[in-house]
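The structure appears right after this line, and notes come after that.
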Amino acid sequence: MTCLTRDDGYLLSTDPDRIDLGLVHHWLSTDAYWAIGRDRETVGRAFAGSVPFGVYRPGDGRQVAVARVVTDGATFAWLCDVYVDPAERGRGLGTWLAGSVRDHLAGLGVRRILLATADAHEVYAKLGFAPLTDPHRWMQLDQREQPVSPITGKDPGDCSPLTVEA
C-alpha cells in the first residue's frame, strides 16, 4: 500500500478501505462527463477490480480526489476515473495524483500507461503523457450502447456470473 503526504498536509493513499464509494459514486455519476448516470453497483465493482488512489484533506481527512488504475502490475496500466472535488481544484491535486500514480506504476516496472481525456490534456502533458504515436495500431470494442450477452448465447438467467477468489 502506498501512502504519501504533501508539504501542505494532503494525503494520498492506495488503501481501498479509505475510499468513500458513496462520495466517489456521487462525483462520477453526477459530475464526470464519462460516467454520468453510472450506478453505484458498477462503481463498486470497478473500484474492487482496480488499484484505487484517494486524496484526503488535511485536518478532517475528508476524501477530495480519486483515481483508479486497471493494471496487470507488470507491463500495462489504464488510468481512469480521475476526479478532484470542485471545491479543491486549483491546488495542483490532480497533477499530484496523476504523477503519484505514474510513479507508483514505474516502481512496479509498468512502462505503458494509457488514459483518455476530453479536457485535461495539459495536466497530463506536464507529467509526460502524449497523444498515441501510432493510433492506427490501437483498436477498441465499444459496446456501451449494446446489451451485453454471454459468449455462449445462453440466456444469462441460466448461468451464474464468474467469480474470482483470492
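We label chains A, B, ... in the order they appear in the C-alpha cells, count residues from 1 in each chain, and number ligands from 1 in the order shown.
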Every residue of region 2-155 of chain A that DSSP places in strand (DSSP E), as a PyMOL selection string = chain A and resi 3-5+11-13+51-56+63-71+76-84+112-114
Which residues of region 53-163 of chain A come within 10 Å of region 36-49 of chain A, and for each one, what is the closest pair of atoms and their distance in Å to one decimal, counting only C-alpha atoms, sorted by chain and residue number, as a Markdown table?
```
| residue | atom | partner | partner_atom | distance |
| --- | --- | --- | --- | --- |
| A:Phe53 | CA | A:Phe47 | CA | 9.8 |
| A:Ala67 | CA | A:Phe47 | CA | 9.3 |
| A:Arg68 | CA | A:Phe47 | CA | 6.8 |
| A:Val69 | CA | A:Phe47 | CA | 8.7 |
| A:Val70 | CA | A:Gly49 | CA | 7.3 |
| A:Thr71 | CA | A:Gly49 | CA | 9.4 |
| A:Asp81 | CA | A:Phe47 | CA | 9.5 |
```
Same residues, all heavy atoms, saved as a PDB file, in the first residue's frame:
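selection.pdb, freshly written:
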```
ATOM      1  N   PHE A  53      -6.710   5.084  -5.823  1.00  0.00           N
ATOM      2  CA  PHE A  53      -5.890   6.147  -5.251  1.00  0.00           C
ATOM      3  C   PHE A  53      -6.841   7.204  -4.720  1.00  0.00           C
ATOM      4  O   PHE A  53      -7.649   7.742  -5.473  1.00  0.00           O
ATOM      5  CB  PHE A  53      -4.984   6.780  -6.324  1.00  0.00           C
ATOM      6  CG  PHE A  53      -3.857   5.891  -6.772  1.00  0.00           C
ATOM      7  CD1 PHE A  53      -4.093   4.840  -7.641  1.00  0.00           C
ATOM      8  CD2 PHE A  53      -2.569   6.119  -6.321  1.00  0.00           C
ATOM      9  CE1 PHE A  53      -3.056   4.025  -8.058  1.00  0.00           C
ATOM     10  CE2 PHE A  53      -1.524   5.300  -6.738  1.00  0.00           C
ATOM     11  CZ  PHE A  53      -1.767   4.252  -7.606  1.00  0.00           C
ATOM     12  N   ALA A  67      -8.721   8.417  -8.109  1.00  0.00           N
ATOM     13  CA  ALA A  67      -8.348   7.851  -9.403  1.00  0.00           C
ATOM     14  C   ALA A  67      -8.307   6.348  -9.209  1.00  0.00           C
ATOM     15  O   ALA A  67      -8.185   5.863  -8.081  1.00  0.00           O
ATOM     16  CB  ALA A  67      -6.989   8.354  -9.876  1.00  0.00           C
ATOM     17  N   ARG A  68      -8.415   5.638 -10.308  1.00  0.00           N
ATOM     18  CA  ARG A  68      -8.214   4.195 -10.225  1.00  0.00           C
ATOM     19  C   ARG A  68      -7.381   3.753 -11.413  1.00  0.00           C
ATOM     20  O   ARG A  68      -7.339   4.418 -12.447  1.00  0.00           O
ATOM     21  CB  ARG A  68      -9.528   3.423 -10.134  1.00  0.00           C
ATOM     22  CG  ARG A  68     -10.383   3.435 -11.369  1.00  0.00           C
ATOM     23  CD  ARG A  68     -11.715   2.694 -11.130  1.00  0.00           C
ATOM     24  NE  ARG A  68     -12.533   2.754 -12.317  1.00  0.00           N
ATOM     25  CZ  ARG A  68     -12.561   1.825 -13.271  1.00  0.00           C
ATOM     26  NH1 ARG A  68     -11.807   0.734 -13.162  1.00  0.00           N
ATOM     27  NH2 ARG A  68     -13.324   1.961 -14.322  1.00  0.00           N
ATOM     28  N   VAL A  69      -6.686   2.626 -11.226  1.00  0.00           N
ATOM     29  CA  VAL A  69      -5.820   2.077 -12.255  1.00  0.00           C
ATOM     30  C   VAL A  69      -6.191   0.624 -12.474  1.00  0.00           C
ATOM     31  O   VAL A  69      -6.281  -0.150 -11.522  1.00  0.00           O
ATOM     32  CB  VAL A  69      -4.338   2.181 -11.845  1.00  0.00           C
ATOM     33  CG1 VAL A  69      -3.442   1.503 -12.861  1.00  0.00           C
ATOM     34  CG2 VAL A  69      -3.938   3.633 -11.661  1.00  0.00           C
ATOM     35  N   VAL A  70      -6.407   0.279 -13.721  1.00  0.00           N
ATOM     36  CA  VAL A  70      -6.596  -1.111 -14.115  1.00  0.00           C
ATOM     37  C   VAL A  70      -5.256  -1.558 -14.683  1.00  0.00           C
ATOM     38  O   VAL A  70      -4.763  -0.956 -15.645  1.00  0.00           O
ATOM     39  CB  VAL A  70      -7.707  -1.248 -15.178  1.00  0.00           C
ATOM     40  CG1 VAL A  70      -7.919  -2.711 -15.547  1.00  0.00           C
ATOM     41  CG2 VAL A  70      -9.003  -0.610 -14.687  1.00  0.00           C
ATOM     42  N   THR A  71      -4.654  -2.576 -14.083  1.00  0.00           N
ATOM     43  CA  THR A  71      -3.296  -2.949 -14.477  1.00  0.00           C
ATOM     44  C   THR A  71      -3.015  -4.423 -14.231  1.00  0.00           C
ATOM     45  O   THR A  71      -3.646  -5.047 -13.378  1.00  0.00           O
ATOM     46  CB  THR A  71      -2.251  -2.099 -13.712  1.00  0.00           C
ATOM     47  OG1 THR A  71      -0.952  -2.420 -14.180  1.00  0.00           O
ATOM     48  CG2 THR A  71      -2.323  -2.316 -12.212  1.00  0.00           C
ATOM     49  N   ASP A  81     -11.060   7.320 -14.237  1.00  0.00           N
ATOM     50  CA  ASP A  81     -11.897   7.873 -13.170  1.00  0.00           C
ATOM     51  C   ASP A  81     -11.114   8.838 -12.270  1.00  0.00           C
ATOM     52  O   ASP A  81     -11.264   8.842 -11.052  1.00  0.00           O
ATOM     53  CB  ASP A  81     -12.548   6.760 -12.348  1.00  0.00           C
ATOM     54  CG  ASP A  81     -13.636   6.036 -13.117  1.00  0.00           C
ATOM     55  OD1 ASP A  81     -14.116   6.583 -14.135  1.00  0.00           O
ATOM     56  OD2 ASP A  81     -14.016   4.910 -12.729  1.00  0.00           O
TER      57      ASP A  81
END
```
Residues within 12 Å of Gly99 (chain A), please, as an mmCIF file with N, CA, C and O atoms, in the first residue's frame. Count only C-alpha atoms; anything in the same chain fewer than 5 positions from it doesn't count.
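As a result, selection_23.cif now contains:
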```cif
data_model
loop_
_atom_site.group_PDB
_atom_site.id
_atom_site.type_symbol
_atom_site.label_atom_id
_atom_site.label_comp_id
_atom_site.auth_asym_id
_atom_site.auth_seq_id
_atom_site.Cartn_x
_atom_site.Cartn_y
_atom_site.Cartn_z
ATOM 1 N N LEU A 4 1.416 8.768 0.763
ATOM 2 C CA LEU A 4 2.275 9.938 0.584
ATOM 3 C C LEU A 4 1.599 11.141 1.211
ATOM 4 O O LEU A 4 0.374 11.245 1.186
ATOM 5 N N LEU A 12 -2.190 11.084 0.191
ATOM 6 C CA LEU A 12 -2.591 10.179 -0.884
ATOM 7 C C LEU A 12 -2.406 8.759 -0.381
ATOM 8 O O LEU A 12 -1.380 8.430 0.216
ATOM 9 N N PHE A 53 -6.710 5.084 -5.823
ATOM 10 C CA PHE A 53 -5.890 6.147 -5.251
ATOM 11 C C PHE A 53 -6.841 7.204 -4.720
ATOM 12 O O PHE A 53 -7.649 7.742 -5.473
ATOM 13 N N ALA A 67 -8.721 8.417 -8.109
ATOM 14 C CA ALA A 67 -8.348 7.851 -9.403
ATOM 15 C C ALA A 67 -8.307 6.348 -9.209
ATOM 16 O O ALA A 67 -8.185 5.863 -8.081
ATOM 17 N N LEU A 79 -5.165 4.360 -16.615
ATOM 18 C CA LEU A 79 -5.520 5.333 -15.583
ATOM 19 C C LEU A 79 -6.892 5.894 -15.917
ATOM 20 O O LEU A 79 -7.113 6.397 -17.021
ATOM 21 N N VAL A 82 -10.301 9.681 -12.896
ATOM 22 C CA VAL A 82 -9.564 10.706 -12.153
ATOM 23 C C VAL A 82 -10.519 11.877 -11.911
ATOM 24 O O VAL A 82 -11.066 12.441 -12.852
ATOM 25 N N GLY A 92 -3.418 21.971 -7.464
ATOM 26 C CA GLY A 92 -2.448 21.029 -8.021
ATOM 27 C C GLY A 92 -2.679 19.588 -7.608
ATOM 28 O O GLY A 92 -1.812 18.733 -7.823
ATOM 29 N N LEU A 93 -3.844 19.302 -7.030
ATOM 30 C CA LEU A 93 -4.103 17.938 -6.562
ATOM 31 C C LEU A 93 -4.213 16.938 -7.710
ATOM 32 O O LEU A 93 -3.746 15.804 -7.587
ATOM 33 N N GLY A 94 -4.815 17.348 -8.831
ATOM 34 C CA GLY A 94 -4.940 16.445 -9.973
ATOM 35 C C GLY A 94 -3.585 16.077 -10.544
ATOM 36 O O GLY A 94 -3.326 14.900 -10.856
ATOM 37 N N HIS A 104 4.096 5.396 -8.943
ATOM 38 C CA HIS A 104 3.776 4.102 -8.324
ATOM 39 C C HIS A 104 3.907 2.984 -9.358
ATOM 40 O O HIS A 104 4.518 1.944 -9.084
ATOM 41 N N LEU A 105 3.351 3.205 -10.538
ATOM 42 C CA LEU A 105 3.400 2.182 -11.593
ATOM 43 C C LEU A 105 4.824 1.974 -12.101
ATOM 44 O O LEU A 105 5.229 0.842 -12.386
ATOM 45 N N ALA A 106 5.600 3.039 -12.192
ATOM 46 C CA ALA A 106 7.003 2.913 -12.608
ATOM 47 C C ALA A 106 7.764 2.023 -11.627
ATOM 48 O O ALA A 106 8.602 1.218 -12.032
ATOM 49 N N ILE A 113 1.263 3.374 -19.826
ATOM 50 C CA ILE A 113 0.049 3.800 -19.131
ATOM 51 C C ILE A 113 -0.800 4.545 -20.146
ATOM 52 O O ILE A 113 -0.332 5.496 -20.764
ATOM 53 N N VAL A 123 -2.855 18.924 -18.003
ATOM 54 C CA VAL A 123 -2.495 18.313 -16.712
ATOM 55 C C VAL A 123 -1.603 17.106 -16.956
ATOM 56 O O VAL A 123 -0.544 16.957 -16.341
ATOM 57 N N TYR A 124 -2.024 16.242 -17.868
ATOM 58 C CA TYR A 124 -1.284 15.006 -18.115
ATOM 59 C C TYR A 124 -0.005 15.256 -18.915
ATOM 60 O O TYR A 124 0.999 14.568 -18.700
ATOM 61 N N ALA A 125 -0.001 16.237 -19.805
ATOM 62 C CA ALA A 125 1.204 16.544 -20.589
ATOM 63 C C ALA A 125 2.354 16.964 -19.679
ATOM 64 O O ALA A 125 3.513 16.615 -19.945
ATOM 65 N N LYS A 126 2.054 17.682 -18.585
ATOM 66 C CA LYS A 126 3.092 18.080 -17.632
ATOM 67 C C LYS A 126 3.809 16.876 -17.034
ATOM 68 O O LYS A 126 4.927 16.989 -16.552
ATOM 69 N N LEU A 127 3.141 15.730 -17.069
ATOM 70 C CA LEU A 127 3.679 14.520 -16.455
ATOM 71 C C LEU A 127 4.281 13.560 -17.476
ATOM 72 O O LEU A 127 4.655 12.442 -17.130
ATOM 73 N N GLY A 128 4.327 13.986 -18.740
ATOM 74 C CA GLY A 128 4.942 13.154 -19.771
ATOM 75 C C GLY A 128 3.972 12.417 -20.673
ATOM 76 O O GLY A 128 4.398 11.749 -21.613
ATOM 77 N N PHE A 129 2.684 12.531 -20.409
ATOM 78 C CA PHE A 129 1.696 11.879 -21.276
ATOM 79 C C PHE A 129 1.614 12.637 -22.602
ATOM 80 O O PHE A 129 1.764 13.857 -22.636
#
```
So what do you get for CA of Ala32 (chain A) versus CA of Tyr83 (chain A), distance-wise?
-> 7.6 Å
Record the distance separating CA of Gly9 (chain A) and CA of Ser100 (chain A), expressed in Å with one decimal.
-> 15.3 Å
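Shortest atom-to-atom contact with Asp31 (chain A) among A:Val84, A:Ala77, A:Cys3, A:Val51: A:Val84, counting only C-alpha atoms.
Relative to CA of Gly54 (chain A), CA of Asp20 (chain A) is found at 8.8 Å.
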As a PyMOL selection string, please: all residues of region 41-105 of chain A that backbone DSSP puts in helix (DSSP H, G or I).
-> chain A and resi 41-48+86-88+93-105
Just-selected residues, N, CA, C and O atoms written as a compact mmCIF listing (two decimals), in the first residue's frame:
```txt
# COMPACT_ATOMS: atom_id res chain seq x y z
N GLU A 41 -23.55 0.21 -7.99
CA GLU A 41 -23.02 -1.15 -8.04
C GLU A 41 -21.87 -1.25 -9.04
O GLU A 41 -20.84 -1.88 -8.79
N THR A 42 -22.01 -0.59 -10.19
CA THR A 42 -20.95 -0.60 -11.20
C THR A 42 -19.70 0.11 -10.69
O THR A 42 -18.58 -0.36 -10.89
N VAL A 43 -19.89 1.23 -10.02
CA VAL A 43 -18.75 1.95 -9.44
C VAL A 43 -18.04 1.05 -8.43
O VAL A 43 -16.81 0.93 -8.43
N GLY A 44 -18.80 0.37 -7.60
CA GLY A 44 -18.21 -0.53 -6.61
C GLY A 44 -17.42 -1.67 -7.25
O GLY A 44 -16.29 -1.97 -6.82
N ARG A 45 -17.98 -2.28 -8.27
CA ARG A 45 -17.26 -3.37 -8.96
C ARG A 45 -16.02 -2.86 -9.66
O ARG A 45 -14.98 -3.51 -9.67
N ALA A 46 -16.12 -1.66 -10.27
CA ALA A 46 -14.97 -1.10 -10.98
C ALA A 46 -13.82 -0.84 -10.01
O ALA A 46 -12.66 -1.18 -10.31
N PHE A 47 -14.11 -0.27 -8.85
CA PHE A 47 -13.05 0.01 -7.89
C PHE A 47 -12.54 -1.27 -7.24
O PHE A 47 -11.34 -1.37 -6.94
N ALA A 48 -13.39 -2.26 -7.06
CA ALA A 48 -12.95 -3.53 -6.48
C ALA A 48 -11.95 -4.24 -7.40
O ALA A 48 -11.07 -4.96 -6.92
N PRO A 86 -14.66 19.74 -6.94
CA PRO A 86 -14.59 21.11 -7.46
C PRO A 86 -14.11 22.13 -6.42
O PRO A 86 -13.39 23.08 -6.77
N ALA A 87 -14.45 21.95 -5.16
CA ALA A 87 -14.04 22.89 -4.11
C ALA A 87 -12.54 22.83 -3.84
O ALA A 87 -11.99 23.75 -3.23
N GLU A 88 -11.88 21.76 -4.29
CA GLU A 88 -10.44 21.58 -4.02
C GLU A 88 -9.58 21.82 -5.26
O GLU A 88 -8.35 21.70 -5.21
N LEU A 93 -3.84 19.30 -7.03
CA LEU A 93 -4.10 17.94 -6.56
C LEU A 93 -4.21 16.94 -7.71
O LEU A 93 -3.75 15.80 -7.59
N GLY A 94 -4.82 17.35 -8.83
CA GLY A 94 -4.94 16.45 -9.97
C GLY A 94 -3.58 16.08 -10.54
O GLY A 94 -3.33 14.90 -10.86
N THR A 95 -2.70 17.05 -10.65
CA THR A 95 -1.35 16.80 -11.15
C THR A 95 -0.59 15.91 -10.17
O THR A 95 0.09 14.96 -10.57
N TRP A 96 -0.71 16.20 -8.88
CA TRP A 96 -0.04 15.39 -7.86
C TRP A 96 -0.56 13.95 -7.88
O TRP A 96 0.22 13.00 -7.83
N LEU A 97 -1.87 13.81 -7.98
CA LEU A 97 -2.49 12.49 -8.02
C LEU A 97 -2.01 11.69 -9.23
O LEU A 97 -1.52 10.57 -9.10
N ALA A 98 -2.11 12.27 -10.42
CA ALA A 98 -1.69 11.57 -11.64
C ALA A 98 -0.19 11.28 -11.62
O ALA A 98 0.25 10.20 -12.05
N GLY A 99 0.61 12.20 -11.13
CA GLY A 99 2.05 11.98 -11.03
C GLY A 99 2.38 10.87 -10.04
O GLY A 99 3.30 10.06 -10.28
N SER A 100 1.65 10.81 -8.95
CA SER A 100 1.86 9.75 -7.97
C SER A 100 1.48 8.39 -8.54
O SER A 100 2.16 7.39 -8.27
N VAL A 101 0.41 8.35 -9.32
CA VAL A 101 0.03 7.10 -10.00
C VAL A 101 1.14 6.68 -10.94
O VAL A 101 1.57 5.52 -10.94
N ARG A 102 1.62 7.62 -11.77
CA ARG A 102 2.71 7.33 -12.71
C ARG A 102 3.92 6.76 -11.98
O ARG A 102 4.50 5.74 -12.38
N ASP A 103 4.31 7.40 -10.89
CA ASP A 103 5.50 6.98 -10.14
C ASP A 103 5.28 5.62 -9.48
O ASP A 103 6.19 4.78 -9.44
N HIS A 104 4.10 5.40 -8.94
CA HIS A 104 3.78 4.10 -8.32
C HIS A 104 3.91 2.98 -9.36
O HIS A 104 4.52 1.94 -9.08
N LEU A 105 3.35 3.21 -10.54
CA LEU A 105 3.40 2.18 -11.59
C LEU A 105 4.82 1.97 -12.10
O LEU A 105 5.23 0.84 -12.39
```
Can you list, as a PyMOL selection string, every protein, DNA or RNA residue that comes within 10 Å of Trp34 (chain A) when you count only C-alpha atoms, leaving out same-chain residues fewer than 4 positions away?
-> chain A and resi 28-29+38+80-81+116-118
